[in-house]
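Down below is the structure, laid out as structure tokens.
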Amino acid sequence: MRVSKMNTRFAVAIKTLVLAVICGLFGVAPASAQEPQPRIIPAGYRVETIPIPEGVQFGVAGLDVAATGDVYAGTRYGEVWRYRAGQWSLFADGLHEVTGVTVDGESGGVYVMQKPELTMLIDEDGDGQADEYRCVSADFGFSGNYHEFAFGPVRDKAGNLYCTLNLSHGQGPSIKGGIMSVGERYRGTCFRVTPNGKFDIFAWGMRSPAGLGIDPRTDDIFYTDNQGDYNASSSLQHVVKDSFHGHPGSFLHKPAYKGKDINAIPDDEFLRMRQPIAAWIPHGEIANSPGNPVFDLTGGKFGPFEGQIFIGDQGRSNVFRVALEKVGGVYQGCVINCIDHLQSGAIRLAFAPDGSMWVGQTSRGWGSAGGVPYGVQRIVYDGKTIPFEIHGVKITQDGFDVTMTRPMKRDAIAPGNFQVQHWGYMYHAKYGSPKVSPTQVKPSSAVVSEDGKTVRLKLGKLEANRVYQLTLNGITGEDGAQPTTRNAYYTVSVLK
């Protein structure tokens, strides 16, 4: 493993001193006691805005929370900041657009993903500033193209690190006239670095894989891709060894395709190889530019959604949930909007030991629904309220089971109170896809479970490779409570 040491400590110290003078030892205006809340937020939750250092462009694109509760935020401007005891301090500087931060629970070092390399920051003397910048891997291609973002890392139980690489834009060959290009090696892939420093390509076919997450219980890796060429809409996908995720561009650097004309290969051939989609994320309805998936393993500290995945979106400034199940060995499930909208683009999420969710934010110049250019917010659950919300959806042989977090009022449960429609997507080099053959389906029956939480909807024959939107009309809790969102979108990749 190549190790490089950058003598930036003096620069960091000077910058910290200057900022301390400007901000009064990082003094910041206190948050309002009655802070405005998002338009959509379940009962029992609140959003707190964390003050940021004045005069700092705090566009957060990497975020993690250590076991100690310290928060590390990496910015697009090459800095890493640490939040401890209500104050920010500059931990590292001089990096190249930090788009991923992961705290190593064993060594306490901080992995950062910057555009040209995966780096580990080490605070050797414990003074709160990184002394060593250790190159973990720079074995992937980087030309300087603005769109060559790199994301991650996540770490499995064996100590392997995984990262994802964006395709380029306007540099190098494109595929069948699509807008993405493949100038440098391994763009559009997920790579792995072993504990002994070996670099290899783990998966192929990614376009703009802005979010990477891992289930620490199973080591299952998931990533989000953004809508575009060969990406009908944004999606959550399960990553396994040698899987292909839809965009053929990375095959320009795959040994098995050396010398082949990628443009001459029919799209149907690529589609047959594509890893099944775990969850389509309908564009404009749930998300436009999703970030990293995080698993709620807080033991109920974050409410009644234990085990589900939470993802933020940069464009919509919202946080949504994904409830997955395995059908025929394939992950698939539904997405449900949760908190909408936050102050800025919610590109990075991380759970803290106390069960709160930290949200790193940036509009990045593309704009975001929140309107604020950047910042950090924290989502807190009160520990007692059970909101009345759609908990999840599971597929049956002829319909779906829709489960709520609390019992429903039984006299409102009727087939006519559930609206169902489904559609497909096109697979092509054009940007995105319209909904293909949208079809309305009327449930023939709606049978409630004994505990009043689940309704079994009978629809008849289901279709694979379709997104089913289920809308609840007039469904309330036993106490008359209304859900904050009435839509769930289930992706059927495999039939029951």
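Convention: chains lettered A, B, ... in structure tokens order; per-chain residue numbering from 1; ligands numbered from 1 as shown.
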
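Using only C-alpha atoms, the protein and nucleic acid residues lying no more than 9 Å from A:Gly392, apart from those fewer than 4 places from it along its own chain, are Val322, Ala323, Leu324, Gly333, Cys334, Val335, Ile336, Asp401, Val402, Thr403, Met404, Thr405 and Ala488 of chain A.
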
Let's have the selection written as a tab-separated table (two decimals), in the first residue's frame, with N, CA and C atoms.
chain	number	residue	atom	x	y	z
A	322	VAL	N	-37.21	2.98	2.48
A	322	VAL	CA	-37.32	1.81	1.60
A	322	VAL	C	-37.49	0.58	2.48
A	323	ALA	N	-38.56	-0.15	2.27
A	323	ALA	CA	-38.82	-1.40	2.98
A	323	ALA	C	-38.65	-2.55	2.01
A	324	LEU	N	-37.58	-3.33	2.19
A	324	LEU	CA	-37.26	-4.41	1.27
A	324	LEU	C	-37.67	-5.76	1.82
A	333	GLY	N	-38.77	-4.16	-3.10
A	333	GLY	CA	-39.66	-3.60	-2.10
A	333	GLY	C	-40.19	-2.25	-2.49
A	334	CYS	N	-40.62	-1.49	-1.48
A	334	CYS	CA	-41.34	-0.24	-1.75
A	334	CYS	C	-40.60	0.96	-1.18
A	335	VAL	N	-40.86	2.11	-1.80
A	335	VAL	CA	-40.35	3.38	-1.30
A	335	VAL	C	-41.53	4.22	-0.84
A	336	ILE	N	-41.30	4.96	0.26
A	336	ILE	CA	-42.35	5.77	0.88
A	336	ILE	C	-41.72	7.09	1.31
A	401	ASP	N	-49.79	-7.07	0.60
A	401	ASP	CA	-50.12	-6.79	1.98
A	401	ASP	C	-49.59	-5.40	2.33
A	402	VAL	N	-50.47	-4.50	2.73
A	402	VAL	CA	-50.10	-3.15	3.11
A	402	VAL	C	-50.20	-3.07	4.63
A	403	THR	N	-49.09	-2.74	5.28
A	403	THR	CA	-49.05	-2.72	6.74
A	403	THR	C	-48.85	-1.29	7.24
A	404	MET	N	-49.63	-0.91	8.24
A	404	MET	CA	-49.52	0.39	8.88
A	404	MET	C	-48.78	0.24	10.21
A	405	THR	N	-48.34	1.34	10.75
A	405	THR	CA	-47.62	1.30	12.03
A	405	THR	C	-48.55	1.10	13.21
A	488	ALA	N	-47.34	4.46	-1.63
A	488	ALA	CA	-46.19	3.57	-1.56
A	488	ALA	C	-45.95	3.02	-2.97

Do you know which residues are at most 10 Å from A:Arg187 counting only C-alpha atoms, after dropping those on the same chain fewer than 6 positions away, and could you put them as a ChimeraX atom specification? /A:140-142,148-150,164-168,181,204-208,249-253

Got a sec: who's within 7 Å of A:Ala369, counting only C-alpha atoms, leaving out chain neighbours fewer than 3 positions off, as a ChimeraX atom specification? /A:315-317,344

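Neighbours of A:Trp280 closer than or equal to 9 Å, with only C-alpha atoms counted and sequence neighbours fewer than 5 positions away skipped, come out as Ala232, Ser233, Ser234, Ser235, Leu236, Gln237, Gly333, Cys334, Val335, Val467, Tyr489, Tyr490 and Thr491 of chain A.
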
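The residue set within 9 Å of A:Gly170, counting only C-alpha atoms and dropping same-chain residues fewer than 4 places from it, reads A:Asn145, A:His147, A:Ser174, A:Ile179, A:Met180, A:Ser181, A:Val182, A:Gly183.
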
Could you build a table of the residues in stretch 212-295 of chain A lying no more than 12 Å from stretch 100-103 of chain A, giving for each the nearest pair of atoms and their separation in Å rounded to one decimal place, using only C-alpha atoms, ordered by chain and ascending residue number, as CSV?
residue,atom,partner,partner_atom,distance
A:Leu212,CA,A:Gly100,CA,9.2
A:Gly213,CA,A:Thr102,CA,10.8
A:Ile214,CA,A:Thr102,CA,11.8
A:Gly291,CA,A:Gly100,CA,10.6
A:Asn292,CA,A:Gly100,CA,9.5

Of the candidates A:Thr471, A:Gln227, A:Ser89, A:Ser493, which shows the shortest atom-to-atom distance to A:Ala279, using only C-alpha atoms? A:Ser493

Give the answer as one residue: which of A:Thr68, A:Thr189, A:Asn263, A:Ser243 has the shortest atom-to-atom distance to A:Gly177, using only C-alpha atoms? A:Asn263

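Distance annotation: of A:Ser143, A:Ser444, A:Thr119, A:Asn473, the residue with the minimal separation from A:Asn487 is A:Asn473; atom set is only C-alpha atoms.
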
Counting only C-alpha atoms, closest pick from A:Phe320, A:Tyr381, A:Tyr77, A:Phe305 relative to A:Tyr45 is A:Tyr381

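The spacing separating atom CA of A:Leu342 from atom CA of A:Gly78 amounts to 24.0 Å.
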
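Nearest residue to A:Arg406 among A:Pro276, A:Gly299, A:Gly480, A:Gly432 is A:Gly480, counting only C-alpha atoms.
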
Neighbour list for A:Glu463 as a VMD selection string, cut-off 12 Å, only C-alpha atoms, skip fewer than 4 positions in-chain: chain A and resid 395 to 399 421 to 424 437 439 441 459 467 to 468 490 to 496

From the DSSP assignment of the backbone, select every residue of stretch 73-212 of chain A that is strand (DSSP E or B), and format the answer as a VMD selection string. chain A and resid 73 to 75 80 to 84 87 to 92 100 to 103 110 to 114 117 to 122 132 to 137 150 to 155 161 to 165 168 to 169 174 180 to 181 190 to 193 199 to 204 211 to 212
